[in-house]
Amino acid sequence: MDAAYGRSDNTTAGGTGEKAGKTMSSEQANDKADNEAKQTREDATASAVEDNFDNQADGTNGDAAREATGQAEHRDSNNGADTSETAGKGEGSADTLTPLGQAKKEAAEYLEALQRERAEFVNFRNRSKKDQATFRQHGIIDVLTALLPALDDIDRIREHSEMDDSFAAVANKIDKTFEKFGVEKFGEKGETFDPTKHEAVLHKPDAEATEEIVDTVVEAGYRIGDRVIRAARVVVASPQV
C-alpha cells in the first residue's frame, strides 16, 4: 500500500514539476519536488508506525485468543483421537481378524462341531446297543415261550420216570443253552410261596406248616434277569386256621 501510495505521489510530483518548469527555473522545481516527496515519506512513516502499533495490540489479543482456541482444539483432537482409536479397536476385533486369528476361529468352530457330532454318535451308539439288547431279549422270549410245552414234558419225565442217558444228555443241553442266553429256571418244592413269582393252582391245609410254602411244582417258572417270563405254577401248603 505504501509503495503504491509513493508511486502515486511521485507521479503527481513529477506532473507538478513539469508544470512549474514553465514558470520557474528547474532548480526551484526540483527543490519543491524534494520537499513534497519528503513530506509524503514522513506521512507514510507515521501512518505505518500507527498501523504497526494497532496491529501489535490486536496481535497480542489475537495471539491469546488463538492460543486458547488452539488448546481447545488440541483437547478436542485428543478426545477425538482416543474415541477413534477405541472405536477402531472395537471394530477391528468385531469385523476384522488377522489370518492367524481367523484360522483359530475356524479351528474352534470345527472342534465344536466335531464334539457335537461325536456326542450325537455316542448317544446313537448307546441307543443302538440298548435296542439290540431289547430285540435280542424279545427273540429269546419268543423262542422260550414256543418251547415251554416241550420243557414241561421233559420236567415231568424227569420226575416220574427214568431217562436213558441219551435223552438226559439232550435235556441237559437244552437247559444249558437257555442258561447261556440268560434264562433262569425257578420253582422248587419247600421254598416260601412268593406271589410275585409263584402262581398258586391249589391251596391245601397242612398241620405242620407255619407259613405258606411250595408243596408241589406243577410247572416250573422262567425269567430273564428281573423279568418273569412265566410264573411257577405250584400247589401251596398253608397253615391250618
# chains A, B, ... in the order shown; residues from 1 in each chain; ligands from 1
call {"tool": "select_by_dssp", "arguments": {"residues": "stretch 139-231 of chain A", "states": "alpha helix (DSSP H)", "output": "PyMOL selection string"}}
result
chain A and resi 139-160+165-180
call {"tool": "write_last_selection", "arguments": {"atoms": "N, CA, C and O atoms", "output": "short mmCIF file (atom, residue, chain, number, x, y, z; two decimals), in the first residue's frame"}}
result
data_model
loop_
_atom_site.label_atom_id
_atom_site.label_comp_id
_atom_site.auth_asym_id
_atom_site.auth_seq_id
_atom_site.Cartn_x
_atom_site.Cartn_y
_atom_site.Cartn_z
N GLY A 139 -36.38 -111.84 21.16
CA GLY A 139 -36.22 -113.08 20.39
C GLY A 139 -36.10 -114.30 21.30
O GLY A 139 -36.70 -115.36 21.03
N ILE A 140 -35.33 -114.16 22.38
CA ILE A 140 -35.20 -115.28 23.32
C ILE A 140 -36.54 -115.61 23.96
O ILE A 140 -36.90 -116.80 24.12
N ILE A 141 -37.29 -114.58 24.32
CA ILE A 141 -38.60 -114.81 24.93
C ILE A 141 -39.53 -115.54 23.97
O ILE A 141 -40.27 -116.46 24.36
N ASP A 142 -39.49 -115.13 22.71
CA ASP A 142 -40.35 -115.80 21.73
C ASP A 142 -40.00 -117.29 21.61
O ASP A 142 -40.89 -118.16 21.57
N VAL A 143 -38.70 -117.58 21.53
CA VAL A 143 -38.27 -118.99 21.42
C VAL A 143 -38.63 -119.77 22.67
O VAL A 143 -39.14 -120.91 22.61
N LEU A 144 -38.37 -119.18 23.85
CA LEU A 144 -38.68 -119.85 25.11
C LEU A 144 -40.17 -120.12 25.24
O LEU A 144 -40.59 -121.24 25.64
N THR A 145 -40.98 -119.12 24.90
CA THR A 145 -42.44 -119.30 25.00
C THR A 145 -42.91 -120.43 24.09
O THR A 145 -43.79 -121.23 24.45
N ALA A 146 -42.32 -120.50 22.91
CA ALA A 146 -42.71 -121.56 21.98
C ALA A 146 -42.29 -122.94 22.48
O ALA A 146 -42.96 -123.95 22.20
N LEU A 147 -41.18 -123.03 23.25
CA LEU A 147 -40.67 -124.33 23.72
C LEU A 147 -41.16 -124.70 25.11
O LEU A 147 -40.80 -125.78 25.62
N LEU A 148 -41.94 -123.84 25.76
CA LEU A 148 -42.38 -124.14 27.13
C LEU A 148 -43.12 -125.48 27.24
O LEU A 148 -42.86 -126.26 28.18
N PRO A 149 -44.03 -125.81 26.36
CA PRO A 149 -44.70 -127.12 26.49
C PRO A 149 -43.71 -128.29 26.45
O PRO A 149 -43.84 -129.26 27.23
N ALA A 150 -42.73 -128.22 25.56
CA ALA A 150 -41.73 -129.30 25.48
C ALA A 150 -40.88 -129.35 26.74
O ALA A 150 -40.56 -130.43 27.27
N LEU A 151 -40.51 -128.17 27.29
CA LEU A 151 -39.73 -128.14 28.52
C LEU A 151 -40.52 -128.72 29.70
O LEU A 151 -39.96 -129.41 30.57
N ASP A 152 -41.81 -128.44 29.73
CA ASP A 152 -42.65 -129.00 30.80
C ASP A 152 -42.71 -130.53 30.69
O ASP A 152 -42.66 -131.25 31.71
N ASP A 153 -42.79 -131.05 29.49
CA ASP A 153 -42.81 -132.51 29.32
C ASP A 153 -41.50 -133.14 29.79
O ASP A 153 -41.49 -134.21 30.40
N ILE A 154 -40.39 -132.49 29.48
CA ILE A 154 -39.10 -133.02 29.91
C ILE A 154 -39.04 -133.07 31.43
O ILE A 154 -38.56 -134.05 32.04
N ASP A 155 -39.55 -132.01 32.11
CA ASP A 155 -39.55 -131.99 33.58
C ASP A 155 -40.43 -133.12 34.14
O ASP A 155 -40.07 -133.75 35.15
N ARG A 156 -41.56 -133.41 33.51
CA ARG A 156 -42.45 -134.48 34.01
C ARG A 156 -41.77 -135.85 33.85
O ARG A 156 -41.87 -136.72 34.73
N ILE A 157 -41.09 -136.00 32.72
CA ILE A 157 -40.39 -137.27 32.51
C ILE A 157 -39.30 -137.45 33.56
O ILE A 157 -39.10 -138.54 34.10
N ARG A 158 -38.57 -136.39 33.85
CA ARG A 158 -37.53 -136.47 34.87
C ARG A 158 -38.11 -136.86 36.23
O ARG A 158 -37.49 -137.61 37.01
N GLU A 159 -39.27 -136.31 36.55
CA GLU A 159 -39.83 -136.52 37.88
C GLU A 159 -40.49 -137.88 38.04
O GLU A 159 -40.38 -138.50 39.11
N HIS A 160 -41.12 -138.39 36.99
CA HIS A 160 -41.93 -139.60 37.15
C HIS A 160 -41.33 -140.83 36.49
O HIS A 160 -41.88 -141.94 36.64
N ASP A 165 -29.65 -142.41 29.05
CA ASP A 165 -28.52 -141.47 29.04
C ASP A 165 -28.59 -140.50 27.85
O ASP A 165 -28.28 -139.32 27.98
N SER A 166 -28.99 -140.99 26.71
CA SER A 166 -29.03 -140.13 25.51
C SER A 166 -30.09 -139.03 25.68
O SER A 166 -29.83 -137.84 25.38
N PHE A 167 -31.27 -139.40 26.16
CA PHE A 167 -32.34 -138.40 26.33
C PHE A 167 -31.96 -137.39 27.42
O PHE A 167 -32.23 -136.20 27.29
N ALA A 168 -31.35 -137.86 28.47
CA ALA A 168 -30.91 -136.97 29.55
C ALA A 168 -29.86 -135.99 29.05
O ALA A 168 -29.84 -134.81 29.42
N ALA A 169 -28.98 -136.46 28.15
CA ALA A 169 -27.94 -135.58 27.60
C ALA A 169 -28.57 -134.47 26.76
O ALA A 169 -28.16 -133.30 26.82
N VAL A 170 -29.58 -134.82 25.97
CA VAL A 170 -30.26 -133.80 25.15
C VAL A 170 -30.96 -132.78 26.05
O VAL A 170 -30.91 -131.56 25.81
N ALA A 171 -31.64 -133.26 27.09
CA ALA A 171 -32.35 -132.35 28.01
C ALA A 171 -31.38 -131.40 28.70
O ALA A 171 -31.65 -130.19 28.85
N ASN A 172 -30.22 -131.90 29.09
CA ASN A 172 -29.22 -131.04 29.73
C ASN A 172 -28.68 -129.99 28.77
O ASN A 172 -28.42 -128.84 29.16
N LYS A 173 -28.48 -130.36 27.52
CA LYS A 173 -28.01 -129.39 26.52
C LYS A 173 -29.03 -128.26 26.34
O LYS A 173 -28.65 -127.09 26.20
N ILE A 174 -30.31 -128.64 26.36
CA ILE A 174 -31.34 -127.60 26.21
C ILE A 174 -31.30 -126.63 27.39
O ILE A 174 -31.37 -125.41 27.22
N ASP A 175 -31.19 -127.19 28.60
CA ASP A 175 -31.14 -126.33 29.79
C ASP A 175 -29.93 -125.40 29.74
O ASP A 175 -30.03 -124.20 30.06
N LYS A 176 -28.77 -125.93 29.37
CA LYS A 176 -27.56 -125.12 29.33
C LYS A 176 -27.64 -124.05 28.24
O LYS A 176 -27.10 -122.95 28.38
N THR A 177 -28.32 -124.39 27.14
CA THR A 177 -28.47 -123.40 26.07
C THR A 177 -29.28 -122.21 26.55
O THR A 177 -28.92 -121.05 26.31
N PHE A 178 -30.38 -122.47 27.26
CA PHE A 178 -31.18 -121.36 27.79
C PHE A 178 -30.42 -120.59 28.86
O PHE A 178 -30.55 -119.36 28.95
N GLU A 179 -29.64 -121.26 29.66
CA GLU A 179 -28.83 -120.55 30.65
C GLU A 179 -27.82 -119.63 29.97
O GLU A 179 -27.52 -118.54 30.47
N LYS A 180 -27.30 -120.07 28.82
CA LYS A 180 -26.34 -119.25 28.07
C LYS A 180 -26.98 -117.94 27.63
O LYS A 180 -26.30 -116.90 27.56
#
call {"tool": "atom_distance", "arguments": {"atom1": "atom CA of A:Thr216", "atom2": "atom CA of A:Ala237"}}
result
8.7 Å
call {"tool": "residues_around", "arguments": {"residues": "A:Arg230", "least_positions_apart": "2", "cutoff": "9 Å", "atoms": "only C-alpha atoms", "output": "MDAnalysis selection string"}}
result
chainID A and resid 145 197:198 220:223 228 232:233
call {"tool": "atom_distance", "arguments": {"atom1": "atom CA of A:Ser238", "atom2": "atom CA of A:Ala207"}}
result
8.3 Å
call {"tool": "closest_residue", "arguments": {"among": "A:Gly225, A:Gly190, A:Gly182, A:Pro239", "to": "A:Asp206", "atoms": "only C-alpha atoms"}}
result
A:Pro239
call {"tool": "atom_distance", "arguments": {"atom1": "atom CA of A:Val234", "atom2": "atom CA of A:Leu202"}}
result
7.2 Å
call {"tool": "select_by_dssp", "arguments": {"residues": "stretch 131-241 of chain A", "states": "strand (DSSP E or B)", "output": "ChimeraX atom specification"}}
result
/A:183-186,192,198-206,213-219,221-224,227-230,232-239
call {"tool": "write_last_selection", "arguments": {"atoms": "N, CA and C atoms", "output": "mmCIF file, in the first residue's frame"}}
result
data_model
loop_
_atom_site.group_PDB
_atom_site.id
_atom_site.type_symbol
_atom_site.label_atom_id
_atom_site.label_comp_id
_atom_site.auth_asym_id
_atom_site.auth_seq_id
_atom_site.Cartn_x
_atom_site.Cartn_y
_atom_site.Cartn_z
ATOM 1 N N VAL A 183 -31.535 -117.255 30.563
ATOM 2 C CA VAL A 183 -32.821 -117.769 31.048
ATOM 3 C C VAL A 183 -32.572 -118.536 32.350
ATOM 4 N N GLU A 184 -33.331 -118.189 33.377
ATOM 5 C CA GLU A 184 -33.196 -118.837 34.688
ATOM 6 C C GLU A 184 -34.482 -119.604 35.002
ATOM 7 N N LYS A 185 -34.302 -120.806 35.402
ATOM 8 C CA LYS A 185 -35.438 -121.657 35.779
ATOM 9 C C LYS A 185 -35.602 -121.607 37.293
ATOM 10 N N PHE A 186 -36.829 -121.479 37.782
ATOM 11 C CA PHE A 186 -37.046 -121.402 39.225
ATOM 12 C C PHE A 186 -38.342 -122.146 39.588
ATOM 13 N N THR A 192 -40.431 -120.823 50.126
ATOM 14 C CA THR A 192 -41.526 -119.974 50.578
ATOM 15 C C THR A 192 -42.329 -119.473 49.377
ATOM 16 N N HIS A 198 -44.716 -116.959 41.953
ATOM 17 C CA HIS A 198 -45.459 -118.224 42.020
ATOM 18 C C HIS A 198 -46.930 -117.987 41.709
ATOM 19 N N GLU A 199 -47.479 -118.928 41.025
ATOM 20 C CA GLU A 199 -48.937 -118.919 40.759
ATOM 21 C C GLU A 199 -49.533 -120.146 41.452
ATOM 22 N N ALA A 200 -50.355 -119.888 42.454
ATOM 23 C CA ALA A 200 -50.928 -120.988 43.234
ATOM 24 C C ALA A 200 -52.117 -121.579 42.486
ATOM 25 N N VAL A 201 -52.000 -122.835 42.087
ATOM 26 C CA VAL A 201 -53.127 -123.521 41.429
ATOM 27 C C VAL A 201 -54.005 -124.242 42.450
ATOM 28 N N LEU A 202 -53.443 -124.413 43.692
ATOM 29 C CA LEU A 202 -54.204 -125.107 44.733
ATOM 30 C C LEU A 202 -53.591 -124.786 46.097
ATOM 31 N N HIS A 203 -54.447 -124.555 47.072
ATOM 32 C CA HIS A 203 -54.017 -124.388 48.455
ATOM 33 C C HIS A 203 -54.531 -125.597 49.255
ATOM 34 N N LYS A 204 -53.661 -126.180 50.038
ATOM 35 C CA LYS A 204 -54.079 -127.292 50.884
ATOM 36 C C LYS A 204 -53.592 -127.042 52.300
ATOM 37 N N PRO A 205 -54.456 -127.326 53.292
ATOM 38 C CA PRO A 205 -54.044 -127.119 54.679
ATOM 39 C C PRO A 205 -52.982 -128.142 55.080
ATOM 40 N N ASP A 206 -52.080 -127.653 55.950
ATOM 41 C CA ASP A 206 -51.007 -128.517 56.423
ATOM 42 C C ASP A 206 -50.806 -128.210 57.914
ATOM 43 N N ILE A 213 -45.889 -122.485 51.964
ATOM 44 C CA ILE A 213 -44.701 -122.981 51.264
ATOM 45 C C ILE A 213 -45.133 -123.754 50.030
ATOM 46 N N VAL A 214 -44.191 -123.927 49.111
ATOM 47 C CA VAL A 214 -44.467 -124.671 47.882
ATOM 48 C C VAL A 214 -44.422 -126.152 48.211
ATOM 49 N N ASP A 215 -45.556 -126.818 47.995
ATOM 50 C CA ASP A 215 -45.623 -128.257 48.260
ATOM 51 C C ASP A 215 -45.321 -129.069 46.995
ATOM 52 N N THR A 216 -45.848 -128.625 45.848
ATOM 53 C CA THR A 216 -45.637 -129.344 44.592
ATOM 54 C C THR A 216 -45.482 -128.331 43.465
ATOM 55 N N VAL A 217 -44.504 -128.576 42.581
ATOM 56 C CA VAL A 217 -44.300 -127.721 41.412
ATOM 57 C C VAL A 217 -44.987 -128.390 40.235
ATOM 58 N N VAL A 218 -46.033 -127.759 39.748
ATOM 59 C CA VAL A 218 -46.752 -128.293 38.601
ATOM 60 C C VAL A 218 -45.999 -127.954 37.316
ATOM 61 N N GLU A 219 -45.636 -126.708 37.163
ATOM 62 C CA GLU A 219 -44.842 -126.248 36.010
ATOM 63 C C GLU A 219 -43.801 -125.250 36.507
ATOM 64 N N GLY A 221 -41.099 -122.190 36.670
ATOM 65 C CA GLY A 221 -41.140 -120.814 36.176
ATOM 66 C C GLY A 221 -39.837 -120.454 35.466
ATOM 67 N N TYR A 222 -39.921 -119.431 34.609
ATOM 68 C CA TYR A 222 -38.734 -118.975 33.865
ATOM 69 C C TYR A 222 -38.695 -117.441 33.898
ATOM 70 N N ARG A 223 -37.486 -116.906 33.967
ATOM 71 C CA ARG A 223 -37.300 -115.458 33.959
ATOM 72 C C ARG A 223 -35.968 -115.121 33.296
ATOM 73 N N ILE A 224 -35.892 -113.906 32.813
ATOM 74 C CA ILE A 224 -34.649 -113.358 32.253
ATOM 75 C C ILE A 224 -34.338 -112.098 33.041
ATOM 76 N N ARG A 227 -37.113 -109.953 34.855
ATOM 77 C CA ARG A 227 -38.384 -110.094 34.142
ATOM 78 C C ARG A 227 -38.836 -111.549 34.173
ATOM 79 N N VAL A 228 -40.016 -111.750 34.730
ATOM 80 C CA VAL A 228 -40.582 -113.104 34.812
ATOM 81 C C VAL A 228 -41.311 -113.407 33.507
ATOM 82 N N ILE A 229 -40.846 -114.454 32.823
ATOM 83 C CA ILE A 229 -41.484 -114.852 31.569
ATOM 84 C C ILE A 229 -42.751 -115.661 31.859
ATOM 85 N N ARG A 230 -42.611 -116.564 32.815
ATOM 86 C CA ARG A 230 -43.781 -117.319 33.263
ATOM 87 C C ARG A 230 -43.603 -117.633 34.741
ATOM 88 N N ALA A 232 -44.056 -119.684 38.197
ATOM 89 C CA ALA A 232 -44.107 -121.117 38.507
ATOM 90 C C ALA A 232 -45.492 -121.468 39.042
ATOM 91 N N ARG A 233 -46.080 -122.494 38.479
ATOM 92 C CA ARG A 233 -47.399 -122.968 38.922
ATOM 93 C C ARG A 233 -47.202 -124.064 39.961
ATOM 94 N N VAL A 234 -47.738 -123.761 41.158
ATOM 95 C CA VAL A 234 -47.440 -124.632 42.285
ATOM 96 C C VAL A 234 -48.686 -124.907 43.119
ATOM 97 N N VAL A 235 -48.562 -125.985 43.922
ATOM 98 C CA VAL A 235 -49.523 -126.276 44.957
ATOM 99 C C VAL A 235 -48.952 -125.768 46.273
ATOM 100 N N VAL A 236 -49.749 -124.991 47.023
ATOM 101 C CA VAL A 236 -49.256 -124.322 48.224
ATOM 102 C C VAL A 236 -49.819 -125.023 49.465
ATOM 103 N N ALA A 237 -48.916 -125.303 50.388
ATOM 104 C CA ALA A 237 -49.318 -125.830 51.688
ATOM 105 C C ALA A 237 -49.465 -124.672 52.649
ATOM 106 N N SER A 238 -50.688 -124.497 53.214
ATOM 107 C CA SER A 238 -50.980 -123.356 54.082
ATOM 108 C C SER A 238 -51.181 -123.830 55.524
ATOM 109 N N PRO A 239 -50.836 -123.001 56.495
ATOM 110 C CA PRO A 239 -51.094 -123.361 57.906
ATOM 111 C C PRO A 239 -52.599 -123.466 58.164
#
call {"tool": "closest_residue", "arguments": {"among": "A:Thr96, A:Glu208, A:Phe181, A:Glu191", "to": "A:His138", "atoms": "only C-alpha atoms"}}
result
A:Phe181
